[in-house]
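Undergrad: Here you go, this is entry34.cif (mmCIF, C-alpha atoms).
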```
data_model
loop_
_atom_site.label_atom_id
_atom_site.label_comp_id
_atom_site.auth_asym_id
_atom_site.auth_seq_id
_atom_site.Cartn_x
_atom_site.Cartn_y
_atom_site.Cartn_z
CA MET A 1 24.02 -27.86 -35.66
CA LEU A 2 21.89 -26.42 -38.47
CA ILE A 3 22.80 -25.50 -42.05
CA ARG A 4 24.47 -22.10 -42.00
CA PRO A 5 23.31 -19.55 -44.56
CA THR A 6 25.75 -17.94 -46.96
CA PRO A 7 26.36 -14.17 -46.74
CA GLU A 8 24.13 -13.74 -49.80
CA GLU A 9 21.33 -15.77 -48.18
CA LEU A 10 21.60 -13.69 -45.01
CA GLU A 11 21.37 -10.51 -47.04
CA ASN A 12 18.04 -11.62 -48.48
CA PHE A 13 16.81 -13.67 -45.54
CA GLY A 14 13.32 -12.22 -45.15
CA GLU A 15 11.08 -13.71 -42.44
CA PRO A 16 12.09 -16.89 -40.53
CA ASP A 17 10.04 -20.06 -41.05
CA PHE A 18 10.45 -20.91 -37.36
CA THR A 19 11.77 -18.97 -34.36
CA ILE A 20 13.70 -20.67 -31.51
CA ILE A 21 13.71 -19.00 -28.09
CA ASN A 22 16.23 -20.74 -25.80
CA ALA A 23 16.23 -19.40 -22.23
CA GLY A 24 19.22 -21.49 -21.11
CA GLN A 25 19.22 -21.85 -17.31
CA PHE A 26 15.92 -20.02 -16.87
CA PRO A 27 13.51 -22.74 -15.62
CA ALA A 28 9.96 -23.57 -16.50
CA ASN A 29 7.32 -22.80 -13.87
CA ARG A 30 6.64 -26.11 -12.13
CA PHE A 31 3.31 -24.79 -10.90
CA THR A 32 2.02 -24.55 -14.47
CA LYS A 33 -0.59 -27.21 -15.23
CA GLY A 34 1.03 -30.27 -16.77
CA MET A 35 4.59 -29.16 -15.94
CA THR A 36 6.52 -31.87 -14.09
CA SER A 37 10.05 -30.44 -14.09
CA PRO A 38 11.96 -27.15 -14.48
CA THR A 39 12.75 -28.20 -18.04
CA SER A 40 10.37 -27.82 -20.97
CA VAL A 41 10.50 -27.78 -24.77
CA ALA A 42 7.34 -26.40 -26.38
CA ILE A 43 6.61 -26.23 -30.12
CA SER A 44 3.72 -24.40 -31.74
CA PHE A 45 3.18 -25.26 -35.40
CA GLU A 46 0.50 -22.59 -35.53
CA ARG A 47 2.73 -19.77 -34.24
CA LYS A 48 5.88 -21.35 -35.75
CA GLN A 49 7.75 -20.92 -32.51
CA MET A 50 9.81 -23.12 -30.20
CA VAL A 51 10.48 -22.19 -26.55
CA ILE A 52 13.17 -24.05 -24.58
CA LEU A 53 13.42 -23.57 -20.81
CA GLY A 54 15.93 -24.88 -18.28
CA THR A 55 17.71 -27.54 -20.32
CA GLU A 56 21.31 -26.20 -20.27
CA TYR A 57 21.72 -28.50 -23.28
CA ALA A 58 22.15 -27.15 -26.82
CA GLY A 59 20.89 -30.40 -28.32
CA GLU A 60 17.27 -29.40 -27.68
CA MET A 61 17.50 -26.79 -30.44
CA LYS A 62 18.55 -29.23 -33.13
CA LYS A 63 16.09 -31.86 -31.91
CA GLY A 64 13.33 -29.26 -31.89
CA VAL A 65 14.02 -28.45 -35.52
CA PHE A 66 14.17 -32.20 -36.23
CA THR A 67 10.68 -32.57 -34.74
CA VAL A 68 9.45 -29.83 -37.06
CA MET A 69 11.00 -31.70 -40.01
CA HIS A 70 9.36 -34.95 -38.87
CA TYR A 71 6.05 -33.17 -39.34
CA LEU A 72 6.74 -31.31 -42.59
CA MET A 73 8.70 -33.90 -44.58
CA PRO A 74 6.12 -36.75 -44.57
CA LYS A 75 3.50 -34.15 -45.54
CA ALA A 76 5.69 -33.41 -48.56
CA GLY A 77 5.93 -37.13 -49.38
CA VAL A 78 9.55 -37.62 -48.30
CA LEU A 79 10.95 -39.48 -45.29
CA SER A 80 12.76 -37.80 -42.37
CA LEU A 81 15.21 -40.10 -40.58
CA HIS A 82 16.96 -40.16 -37.20
CA SER A 83 20.11 -41.59 -38.73
CA SER A 84 23.72 -41.00 -39.66
CA CYS A 85 24.81 -41.47 -43.25
CA ASN A 86 28.02 -42.10 -45.17
CA GLU A 87 29.13 -42.92 -48.69
CA GLY A 88 31.72 -45.38 -49.99
CA PRO A 89 34.30 -44.87 -52.76
CA ASP A 90 31.88 -46.35 -55.30
CA GLY A 91 29.02 -44.07 -54.26
CA ASP A 92 27.26 -46.70 -52.14
CA VAL A 93 25.31 -45.02 -49.35
CA SER A 94 24.60 -46.46 -45.89
CA LEU A 95 22.15 -45.27 -43.23
CA PHE A 96 22.75 -45.89 -39.52
CA PHE A 97 19.74 -45.72 -37.19
CA GLY A 98 20.25 -45.60 -33.44
CA LEU A 99 19.63 -43.67 -30.28
CA SER A 100 22.25 -41.76 -28.29
CA GLY A 101 25.04 -44.01 -27.07
CA THR A 102 24.61 -46.80 -29.63
CA GLY A 103 27.53 -45.71 -31.83
CA LYS A 104 25.69 -43.89 -34.62
CA THR A 105 28.14 -40.97 -34.76
CA THR A 106 31.22 -43.11 -34.07
CA LEU A 107 30.55 -45.86 -36.62
CA SER A 108 29.54 -43.48 -39.40
CA ALA A 109 32.81 -41.50 -38.98
CA ASP A 110 34.78 -43.95 -41.12
CA PRO A 111 38.14 -42.88 -42.63
CA GLN A 112 37.43 -45.05 -45.70
CA ARG A 113 34.08 -43.40 -46.43
CA LEU A 114 32.69 -39.89 -46.91
CA LEU A 115 30.49 -38.60 -44.10
CA ILE A 116 27.20 -37.11 -45.25
CA GLY A 117 25.94 -36.53 -41.71
CA ASP A 118 25.75 -38.03 -38.24
CA ASP A 119 22.17 -37.59 -37.02
CA GLU A 120 19.36 -36.19 -39.16
CA HIS A 121 18.55 -36.87 -42.81
CA VAL A 122 15.76 -36.89 -45.37
CA TRP A 123 15.32 -39.64 -48.01
CA THR A 124 13.79 -38.38 -51.25
CA GLU A 125 13.17 -40.00 -54.65
CA SER A 126 16.68 -39.06 -55.78
CA GLY A 127 18.64 -39.90 -52.60
CA VAL A 128 19.43 -38.49 -49.16
CA PHE A 129 20.43 -35.12 -47.76
CA ASN A 130 21.59 -33.91 -44.35
CA ILE A 131 19.29 -31.57 -42.42
CA GLU A 132 22.25 -30.24 -40.40
CA GLY A 133 25.46 -28.38 -41.15
CA GLY A 134 27.62 -30.16 -38.59
CA CYS A 135 27.87 -32.81 -35.89
CA TYR A 136 27.03 -32.91 -32.18
CA ALA A 137 29.22 -35.64 -30.74
CA LYS A 138 29.51 -37.07 -27.24
CA THR A 139 32.98 -36.42 -25.82
CA ILE A 140 33.05 -38.43 -22.59
CA ASP A 141 36.31 -40.44 -22.51
CA LEU A 142 37.15 -39.16 -26.00
CA SER A 143 40.68 -39.89 -27.21
CA ALA A 144 42.65 -39.53 -30.43
CA GLU A 145 43.28 -43.28 -30.42
CA LYS A 146 39.63 -44.38 -30.13
CA GLU A 147 37.91 -41.72 -32.24
CA PRO A 148 40.52 -39.74 -34.22
CA GLU A 149 38.06 -38.07 -36.62
CA ILE A 150 35.96 -36.60 -33.80
CA PHE A 151 39.00 -35.75 -31.62
CA ASN A 152 40.71 -33.85 -34.44
CA ALA A 153 37.50 -31.99 -35.32
CA ILE A 154 37.64 -30.20 -31.97
CA ARG A 155 39.48 -26.97 -32.75
CA PHE A 156 38.78 -23.25 -33.19
CA GLY A 157 35.27 -22.94 -34.60
CA SER A 158 33.83 -25.89 -32.65
CA VAL A 159 31.86 -25.51 -29.42
CA LEU A 160 32.43 -27.70 -26.36
CA GLU A 161 29.60 -28.14 -23.85
CA ASN A 162 29.67 -29.19 -20.18
CA VAL A 163 33.38 -30.15 -20.25
CA ILE A 164 36.09 -29.39 -17.67
CA TYR A 165 39.36 -27.85 -18.84
CA ASP A 166 42.55 -26.46 -17.34
CA GLU A 167 42.21 -22.66 -17.42
CA ALA A 168 45.97 -22.19 -17.68
CA THR A 169 46.71 -24.65 -20.48
CA ARG A 170 43.16 -24.81 -21.93
CA VAL A 171 43.56 -28.59 -22.22
CA VAL A 172 40.24 -30.41 -21.86
CA ASP A 173 39.87 -33.39 -19.51
CA TYR A 174 37.47 -35.61 -21.45
CA THR A 175 37.33 -38.12 -18.59
CA ASP A 176 35.85 -35.55 -16.19
CA LYS A 177 32.11 -36.02 -15.73
CA SER A 178 31.66 -33.76 -12.69
CA ILE A 179 29.04 -31.65 -14.50
CA THR A 180 27.45 -34.49 -16.48
CA GLU A 181 28.42 -37.58 -18.46
CA ASN A 182 26.61 -36.02 -21.40
CA THR A 183 29.54 -33.83 -22.47
CA ARG A 184 29.32 -32.69 -26.09
CA CYS A 185 31.01 -30.91 -28.96
CA ALA A 186 29.34 -29.19 -31.90
CA TYR A 187 31.54 -28.73 -34.97
CA PRO A 188 31.00 -27.90 -38.65
CA ILE A 189 30.74 -30.91 -40.96
CA GLU A 190 33.81 -29.75 -42.91
CA PHE A 191 35.95 -30.27 -39.77
CA ILE A 192 35.70 -33.99 -40.55
CA PRO A 193 38.44 -34.47 -43.19
CA ASN A 194 36.39 -36.91 -45.26
CA ALA A 195 33.06 -35.07 -45.05
CA LYS A 196 31.06 -34.78 -48.25
CA VAL A 197 30.08 -31.17 -48.91
CA PRO A 198 27.37 -30.46 -49.92
CA CYS A 199 25.93 -33.18 -47.70
CA ILE A 200 23.91 -35.15 -50.23
CA GLY A 201 24.11 -38.71 -51.50
CA GLY A 202 22.41 -41.30 -53.67
CA LYS A 203 19.87 -43.93 -52.72
CA PRO A 204 20.99 -46.10 -49.74
CA GLN A 205 22.11 -49.68 -50.32
CA ASN A 206 22.54 -50.68 -46.66
CA ILE A 207 20.55 -49.80 -43.55
CA VAL A 208 22.07 -50.55 -40.14
CA LEU A 209 19.75 -50.63 -37.12
CA LEU A 210 22.02 -50.03 -34.13
CA THR A 211 21.03 -51.19 -30.68
CA CYS A 212 22.79 -51.39 -27.35
CA ASP A 213 21.49 -54.55 -25.69
CA ALA A 214 21.99 -54.39 -21.93
CA PHE A 215 20.85 -58.00 -21.51
CA GLY A 216 23.74 -59.45 -23.54
CA VAL A 217 21.54 -61.77 -25.65
CA LEU A 218 21.23 -60.01 -29.01
CA PRO A 219 23.92 -60.92 -31.58
CA PRO A 220 26.56 -58.39 -32.68
CA VAL A 221 25.11 -58.61 -36.20
CA ALA A 222 22.12 -60.21 -37.92
CA LYS A 223 20.73 -59.95 -41.45
CA LEU A 224 17.05 -58.98 -41.36
CA THR A 225 14.20 -59.90 -43.66
CA PRO A 226 11.97 -56.99 -44.82
CA ALA A 227 9.35 -57.93 -42.19
CA GLN A 228 11.99 -58.15 -39.45
CA ALA A 229 13.38 -54.80 -40.54
CA MET A 230 9.96 -53.22 -40.06
CA TYR A 231 9.46 -54.94 -36.70
CA HIS A 232 12.78 -53.79 -35.28
CA PHE A 233 12.45 -50.30 -36.80
CA ILE A 234 9.04 -49.83 -35.17
CA SER A 235 10.30 -51.35 -31.89
CA GLY A 236 13.45 -49.22 -31.69
CA TYR A 237 14.97 -51.28 -28.86
CA THR A 238 18.12 -50.16 -27.11
CA ALA A 239 19.24 -49.35 -23.56
CA LYS A 240 19.35 -45.98 -21.90
CA ILE A 241 23.05 -45.37 -21.44
CA ALA A 242 24.60 -43.59 -18.47
CA GLY A 243 25.22 -40.01 -19.51
CA THR A 244 22.48 -39.55 -22.09
CA GLU A 245 19.61 -38.99 -19.66
CA GLU A 246 19.49 -37.46 -16.21
CA GLY A 247 19.30 -40.01 -13.40
CA VAL A 248 20.41 -42.98 -15.53
CA THR A 249 23.53 -44.49 -13.97
CA GLU A 250 23.44 -47.88 -15.68
CA PRO A 251 21.83 -49.21 -18.86
CA GLU A 252 18.15 -50.11 -18.76
CA ALA A 253 15.95 -51.52 -21.51
CA THR A 254 13.89 -49.02 -23.45
CA PHE A 255 11.93 -48.87 -26.68
CA SER A 256 11.76 -45.79 -28.87
CA ALA A 257 9.68 -46.18 -32.03
CA CYS A 258 11.62 -45.59 -35.26
CA PHE A 259 14.71 -45.01 -33.08
CA GLY A 260 13.43 -41.51 -32.39
CA GLN A 261 10.03 -41.55 -30.67
CA PRO A 262 10.43 -38.17 -28.89
CA PHE A 263 10.71 -36.50 -32.31
CA LEU A 264 7.81 -38.24 -34.05
CA VAL A 265 4.72 -36.23 -34.91
CA TRP A 266 2.80 -38.82 -36.96
CA HIS A 267 2.05 -42.42 -35.94
CA PRO A 268 5.23 -44.60 -36.02
CA VAL A 269 3.66 -46.96 -38.56
CA LYS A 270 3.44 -44.06 -41.07
CA TYR A 271 7.24 -43.63 -41.00
CA ALA A 272 7.74 -47.42 -41.07
CA GLN A 273 5.50 -47.80 -44.13
CA MET A 274 7.38 -45.05 -45.94
CA LEU A 275 10.68 -46.73 -45.08
CA ALA A 276 9.36 -50.13 -46.23
CA GLN A 277 8.42 -48.63 -49.59
CA LYS A 278 11.90 -47.12 -49.96
CA MET A 279 13.53 -50.43 -49.05
CA GLN A 280 11.41 -52.36 -51.54
CA GLU A 281 11.97 -49.89 -54.38
CA ASN A 282 15.76 -49.89 -53.88
CA ASN A 283 16.38 -53.52 -52.78
CA VAL A 284 18.16 -52.39 -49.60
CA ASN A 285 20.01 -54.76 -47.23
CA VAL A 286 19.04 -54.27 -43.58
CA TRP A 287 21.24 -55.29 -40.64
CA LEU A 288 20.68 -55.36 -36.89
CA VAL A 289 23.97 -54.48 -35.16
CA ASN A 290 24.29 -54.73 -31.38
CA THR A 291 27.01 -52.55 -29.84
CA GLY A 292 25.95 -53.46 -26.29
CA TRP A 293 26.91 -56.36 -24.05
CA ASN A 294 28.32 -59.79 -24.84
CA GLY A 295 29.07 -62.71 -22.55
CA GLY A 296 26.40 -61.68 -20.05
CA ALA A 297 24.14 -58.85 -19.02
CA TYR A 298 25.40 -55.46 -17.85
CA GLY A 299 27.57 -55.92 -14.77
CA ILE A 300 28.64 -59.45 -15.81
CA GLY A 301 29.45 -59.38 -19.52
CA LYS A 302 31.53 -56.81 -21.37
CA ARG A 303 30.63 -54.10 -23.86
CA ILE A 304 31.31 -55.35 -27.39
CA SER A 305 34.67 -53.97 -28.47
CA LEU A 306 34.49 -50.99 -30.81
CA LYS A 307 37.04 -52.68 -33.08
CA TYR A 308 34.65 -55.65 -33.49
CA SER A 309 31.75 -53.32 -34.32
CA ARG A 310 33.92 -51.51 -36.86
CA ALA A 311 34.96 -54.86 -38.38
CA ILE A 312 31.29 -55.82 -38.75
CA ILE A 313 30.47 -52.53 -40.49
CA ASP A 314 33.49 -53.04 -42.76
CA ALA A 315 32.20 -56.53 -43.63
CA ILE A 316 28.80 -55.07 -44.52
CA HIS A 317 30.35 -52.48 -46.82
CA SER A 318 32.81 -54.87 -48.48
CA GLY A 319 30.00 -57.28 -49.37
CA GLU A 320 31.50 -60.01 -47.18
CA LEU A 321 28.34 -60.39 -45.09
CA GLU A 322 26.07 -60.52 -48.11
CA LYS A 323 27.94 -63.67 -49.21
CA ALA A 324 28.45 -65.16 -45.72
CA GLU A 325 26.99 -68.38 -44.34
CA TYR A 326 24.26 -67.90 -41.77
CA THR A 327 22.72 -69.88 -38.96
CA ASN A 328 19.38 -69.37 -37.26
CA TYR A 329 19.40 -67.75 -33.82
CA GLY A 330 16.38 -69.06 -31.89
CA VAL A 331 13.65 -67.11 -30.06
CA PHE A 332 14.37 -63.96 -32.09
CA ASN A 333 14.62 -66.07 -35.28
CA LEU A 334 17.55 -64.00 -36.55
CA GLN A 335 20.05 -65.02 -39.21
CA ILE A 336 23.57 -64.60 -37.79
CA PRO A 337 26.80 -65.11 -39.74
CA THR A 338 29.08 -67.99 -38.77
CA LYS A 339 32.20 -65.93 -39.56
CA VAL A 340 33.14 -62.26 -39.83
CA SER A 341 36.71 -61.15 -40.55
CA ASN A 342 38.54 -59.86 -37.44
CA VAL A 343 35.70 -60.84 -35.08
CA PRO A 344 36.05 -63.95 -32.84
CA GLU A 345 33.46 -66.59 -33.80
CA LYS A 346 32.43 -67.00 -30.17
CA VAL A 347 31.40 -63.34 -30.00
CA LEU A 348 29.01 -63.71 -32.97
CA ASP A 349 26.70 -66.11 -31.09
CA PRO A 350 25.57 -64.75 -27.68
CA SER A 351 24.59 -68.22 -26.51
CA GLN A 352 28.19 -69.37 -27.02
CA ALA A 353 29.71 -66.22 -25.49
CA TRP A 354 27.45 -66.40 -22.41
CA GLU A 355 29.56 -66.88 -19.27
CA GLY A 356 26.70 -67.99 -17.01
CA THR A 357 24.57 -71.12 -17.09
CA THR A 358 22.36 -72.23 -19.98
CA GLU A 359 19.34 -71.77 -17.74
CA GLU A 360 20.32 -68.15 -17.00
CA PHE A 361 20.73 -67.48 -20.72
CA THR A 362 17.32 -68.96 -21.51
CA GLN A 363 15.69 -66.91 -18.77
CA THR A 364 17.38 -63.71 -19.95
CA ILE A 365 16.55 -64.08 -23.65
CA SER A 366 12.97 -65.02 -22.76
CA LYS A 367 12.70 -61.92 -20.57
CA LEU A 368 13.88 -59.65 -23.38
CA ALA A 369 11.58 -61.37 -25.88
CA GLY A 370 8.67 -60.77 -23.52
CA LEU A 371 9.57 -57.07 -23.31
CA PHE A 372 9.57 -56.87 -27.11
CA GLN A 373 6.16 -58.52 -27.32
CA ALA A 374 4.64 -56.32 -24.62
CA ASN A 375 5.98 -53.17 -26.28
CA PHE A 376 4.72 -54.11 -29.75
CA LYS A 377 1.13 -54.48 -28.59
CA GLU A 378 0.91 -50.69 -28.86
CA TYR A 379 1.46 -50.88 -32.64
CA ALA A 380 -0.11 -54.26 -33.46
CA ASP A 381 -3.45 -52.77 -34.53
CA GLN A 382 -1.81 -51.02 -37.52
CA ALA A 383 0.90 -53.60 -38.28
CA THR A 384 0.45 -56.46 -40.75
CA PRO A 385 0.38 -60.10 -39.51
CA GLU A 386 3.71 -60.61 -41.34
CA ILE A 387 5.39 -57.84 -39.36
CA ILE A 388 3.94 -59.05 -36.04
CA SER A 389 5.17 -62.61 -36.68
CA ALA A 390 8.67 -61.26 -37.48
CA GLY A 391 9.23 -60.55 -33.78
CA PRO A 392 10.55 -62.95 -31.13
CA GLN A 393 8.50 -66.09 -30.47
CA LEU A 394 8.26 -67.68 -27.03
#
```
Could you rewrite the structure in this file as structure tokens?

TA:
Amino acid sequence: MLIRPTPEELENFGEPDFTIINAGQFPANRFTKGMTSPTSVAISFERKQMVILGTEYAGEMKKGVFTVMHYLMPKAGVLSLHSSCNEGPDGDVSLFFGLSGTGKTTLSADPQRLLIGDDEHVWTESGVFNIEGGCYAKTIDLSAEKEPEIFNAIRFGSVLENVIYDEATRVVDYTDKSITENTRCAYPIEFIPNAKVPCIGGKPQNIVLLTCDAFGVLPPVAKLTPAQAMYHFISGYTAKIAGTEEGVTEPEATFSACFGQPFLVWHPVKYAQMLAQKMQENNVNVWLVNTGWNGGAYGIGKRISLKYSRAIIDAIHSGELEKAEYTNYGVFNLQIPTKVSNVPEKVLDPSQAWEGTTEEFTQTISKLAGLFQANFKEYADQATPEIISAGPQL
């Protein structure tokens, strides 16, 4: 999950910059002031230590280091990003922002493109680099048909977490969620056949903001203006997905600033301003891609097919969407394409795909717009009028 040192680097390692103490099952003391659960992750920048108690989840180590990088990198004048990243045959680089369960790892593992990394990157003046030395993928319901790159990366040298397997045959049952739905596998980046090693790339040309809309009213893809890009980056809307957080059994709306609020150390607007500068300097296209529900809210509509989401990403990379015709999508004032190859036209417009009444659709989109507006009040004091007006209007 972190970059592994070479034998020569280990020989001359010296003193660590940060020390991680992970106590595994050993719980935090709930009687300690401010402690609300048996799980805790504490970071001291002064002592350069991180102490993890009671998580039984290896991801807290990599996310702890990511939090440290979110503090150090902006201080150094470069931008740390909760994103995946890949590179096309012509060297064109794309960043994918999104929280767990939105498809960040899945959609960046593209057989036609080189994978730079699936979760944590830094954008410098010369390009991007991966903070990690591997991937940490969700494995619930994993299959060779749906996600061949990830499935084939699971072999000797990878580490499976919280999965159930047959002790005689050692075959894993990826459908078994008796321990948790948040089953995982950590594997070295080179286990992905088209990984780019070392994990560095040029300046991004496309940024994809991934969301999983549980209300079924956001379009599968929209082209964003610079102001809209900042608004949606600061908002970080998605849904908590069953399996990524304890106690969540169905999606529920949530907002996580910069698509990574738990890892932010500085104010979200600081990261957004740095991203805006990068976008302006490099003339980057920004896309909002919804991998959530279509045809209705959760429980009524259906999750947007992975093959449609892949087709949309392909259309972004081929340049098809840059040349497409667009129509305005009301309330959120988004520009949505009228056609995308291999995606039904009805799916592209949530108002057309909606299986309920027009009144129900209007009520649902108004509800979500209201949630966006209420959430953004927290950042309005440091946002420009242009960014504020780029949000949904009721």

Undergrad: Please identify all polymer residues within 9 Å of Asn342 in chain A, counting all atoms listed in the file, omitting same-chain residues fewer than 6 positions from it, and present them as a list in words.

TA: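 Selected residues are Lys307, Tyr308, Ala311 and Ile312 of chain A.
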
Undergrad: Would you mind exporting C-alpha atoms of the selected residues as a PDB file, in the coordinates of the input?

TA:
```pdb
ATOM      1  CA  LYS A 307      37.040 -52.680 -33.080  1.00  0.00           C
ATOM      2  CA  TYR A 308      34.650 -55.650 -33.490  1.00  0.00           C
ATOM      3  CA  ALA A 311      34.960 -54.860 -38.380  1.00  0.00           C
ATOM      4  CA  ILE A 312      31.290 -55.820 -38.750  1.00  0.00           C
TER       5      ILE A 312
END
```

Undergrad: Which is closer to Leu114 in chain A than all the others in A:Ala324, A:Val197, A:Met230, A:Ile313, using all atoms listed in the file?

TA: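 So, comparing all the options, the nearest one is A:Val197.
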
Undergrad: Give as an mmCIF file with C-alpha atoms, in the frame of the given file the residues that the PyMOL selection byres ((chain A and resi 102) around 7) matches when applied to the coordinates above.

TA:
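Produced file out10.cif, reproduced below:
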```cif
data_model
loop_
_atom_site.group_PDB
_atom_site.id
_atom_site.type_symbol
_atom_site.label_atom_id
_atom_site.label_comp_id
_atom_site.auth_asym_id
_atom_site.auth_seq_id
_atom_site.Cartn_x
_atom_site.Cartn_y
_atom_site.Cartn_z
ATOM 1 C CA GLY A 98 20.250 -45.600 -33.440
ATOM 2 C CA LEU A 99 19.630 -43.670 -30.280
ATOM 3 C CA SER A 100 22.250 -41.760 -28.290
ATOM 4 C CA GLY A 101 25.040 -44.010 -27.070
ATOM 5 C CA GLY A 103 27.530 -45.710 -31.830
ATOM 6 C CA LYS A 104 25.690 -43.890 -34.620
ATOM 7 C CA LEU A 210 22.020 -50.030 -34.130
ATOM 8 C CA THR A 211 21.030 -51.190 -30.680
ATOM 9 C CA CYS A 212 22.790 -51.390 -27.350
ATOM 10 C CA THR A 291 27.010 -52.550 -29.840
#
```

Undergrad: Output the residue selection produced by the PyMOL selection byres ((chain A and resi 201) around 8) on the file above, formatted as a list in words.

TA: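 Listing what the PyMOL selection byres ((chain A and resi 201) around 8) selects in the shown file: Glu87, Gly91, Val93, Ile116, Gly127, Val128, Phe129, Cys199, Ile200, Gly202 and Lys203 of chain A.
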
Undergrad: Step by step, work through what the PyMOL selection byres ((chain A and resi 220-223) around 8) selects in the shown file, and finish by giving those residues as a ChimeraX atom specification.

TA: /A:218-219,224-225,285-291,304,309,312,334-337,347-349

Undergrad: Just the residues within 12 Å of Asp141 in chain A, please, counting all atoms listed in the file, with nothing from its chain fewer than 6 positions along; format it as a compact mmCIF listing (two decimals) with C-alpha atoms, in the coordinates of the input.

TA:
```
# COMPACT_ATOMS: atom_id res chain seq x y z
CA GLU A 147 37.91 -41.72 -32.24
CA ILE A 150 35.96 -36.60 -33.80
CA PHE A 151 39.00 -35.75 -31.62
CA VAL A 163 33.38 -30.15 -20.25
CA VAL A 172 40.24 -30.41 -21.86
CA ASP A 173 39.87 -33.39 -19.51
CA TYR A 174 37.47 -35.61 -21.45
CA THR A 175 37.33 -38.12 -18.59
CA ASP A 176 35.85 -35.55 -16.19
CA LYS A 177 32.11 -36.02 -15.73
CA GLU A 181 28.42 -37.58 -18.46
CA ASN A 182 26.61 -36.02 -21.40
CA THR A 183 29.54 -33.83 -22.47
CA ARG A 184 29.32 -32.69 -26.09
CA GLY A 243 25.22 -40.01 -19.51
```

Undergrad: May I ask which of the residues A:Glu190, A:Gln273, A:Ala227, A:Ala137 is the closest one to Gln382 in chain A, counting all atoms listed in the file?

TA: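 Looking at the shortest contact to Gln382 in chain A, the residue is A:Gln273.
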
Undergrad: Rounded to one decimal place, report the CA of Phe97 in chain A-CA of Leu209 in chain A distance in Å.

TA: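 It comes out at 4.9 Å.
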
Undergrad: Show which residues sit within 9 Å of Arg113 in chain A, as a PyMOL selection string. Count all atoms listed in the file, and ignore same-chain residues fewer than 6 positions away.

TA: chain A and resi 86-89+194-195

Undergrad: Produce a file of the selected residues containing C-alpha atoms, as an mmCIF file, keeping the file's coordinate frame.

TA:
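Writing the result to part-v5.cif gives the following:
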```cif
data_model
loop_
_atom_site.group_PDB
_atom_site.id
_atom_site.type_symbol
_atom_site.label_atom_id
_atom_site.label_comp_id
_atom_site.auth_asym_id
_atom_site.auth_seq_id
_atom_site.Cartn_x
_atom_site.Cartn_y
_atom_site.Cartn_z
ATOM 1 C CA ASN A 86 28.020 -42.100 -45.170
ATOM 2 C CA GLU A 87 29.130 -42.920 -48.690
ATOM 3 C CA GLY A 88 31.720 -45.380 -49.990
ATOM 4 C CA PRO A 89 34.300 -44.870 -52.760
ATOM 5 C CA ASN A 194 36.390 -36.910 -45.260
ATOM 6 C CA ALA A 195 33.060 -35.070 -45.050
#
```

Undergrad: Quick one: everything within 6 Å of Tyr237 in chain A, counting only C-alpha atoms, minus sequence neighbours fewer than 2 positions away in the same chain. Send it as a list in words.

TA: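 My list of contacting residues is Ser235, Thr254 and Phe255 of chain A.
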
Undergrad: Would you kindly return, as JSON, numbers by chain, each protein, DNA or RNA residue with an atom no farther than 10 Å from any atom of range 34-43 of chain A, considering all atoms listed in the file and excluding same-chain residues fewer than 2 positions away?

TA: {"A": [18, 19, 20, 21, 22, 24, 25, 26, 27, 28, 29, 30, 31, 32, 45, 46, 47, 48, 49, 50, 51, 52, 53, 54, 55, 56, 60, 61, 63, 64, 65, 67, 68]}

Undergrad: Any chance you could export the current selection's C-alpha atoms as a CSV table (one decimal), in the frame of the given file?

TA:
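See part_20.csv below for the written result:
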```csv
chain,number,residue,atom,x,y,z
A,18,PHE,CA,10.4,-20.9,-37.4
A,19,THR,CA,11.8,-19.0,-34.4
A,20,ILE,CA,13.7,-20.7,-31.5
A,21,ILE,CA,13.7,-19.0,-28.1
A,22,ASN,CA,16.2,-20.7,-25.8
A,24,GLY,CA,19.2,-21.5,-21.1
A,25,GLN,CA,19.2,-21.8,-17.3
A,26,PHE,CA,15.9,-20.0,-16.9
A,27,PRO,CA,13.5,-22.7,-15.6
A,28,ALA,CA,10.0,-23.6,-16.5
A,29,ASN,CA,7.3,-22.8,-13.9
A,30,ARG,CA,6.6,-26.1,-12.1
A,31,PHE,CA,3.3,-24.8,-10.9
A,32,THR,CA,2.0,-24.6,-14.5
A,45,PHE,CA,3.2,-25.3,-35.4
A,46,GLU,CA,0.5,-22.6,-35.5
A,47,ARG,CA,2.7,-19.8,-34.2
A,48,LYS,CA,5.9,-21.4,-35.8
A,49,GLN,CA,7.8,-20.9,-32.5
A,50,MET,CA,9.8,-23.1,-30.2
A,51,VAL,CA,10.5,-22.2,-26.6
A,52,ILE,CA,13.2,-24.0,-24.6
A,53,LEU,CA,13.4,-23.6,-20.8
A,54,GLY,CA,15.9,-24.9,-18.3
A,55,THR,CA,17.7,-27.5,-20.3
A,56,GLU,CA,21.3,-26.2,-20.3
A,60,GLU,CA,17.3,-29.4,-27.7
A,61,MET,CA,17.5,-26.8,-30.4
A,63,LYS,CA,16.1,-31.9,-31.9
A,64,GLY,CA,13.3,-29.3,-31.9
A,65,VAL,CA,14.0,-28.4,-35.5
A,67,THR,CA,10.7,-32.6,-34.7
A,68,VAL,CA,9.4,-29.8,-37.1
```
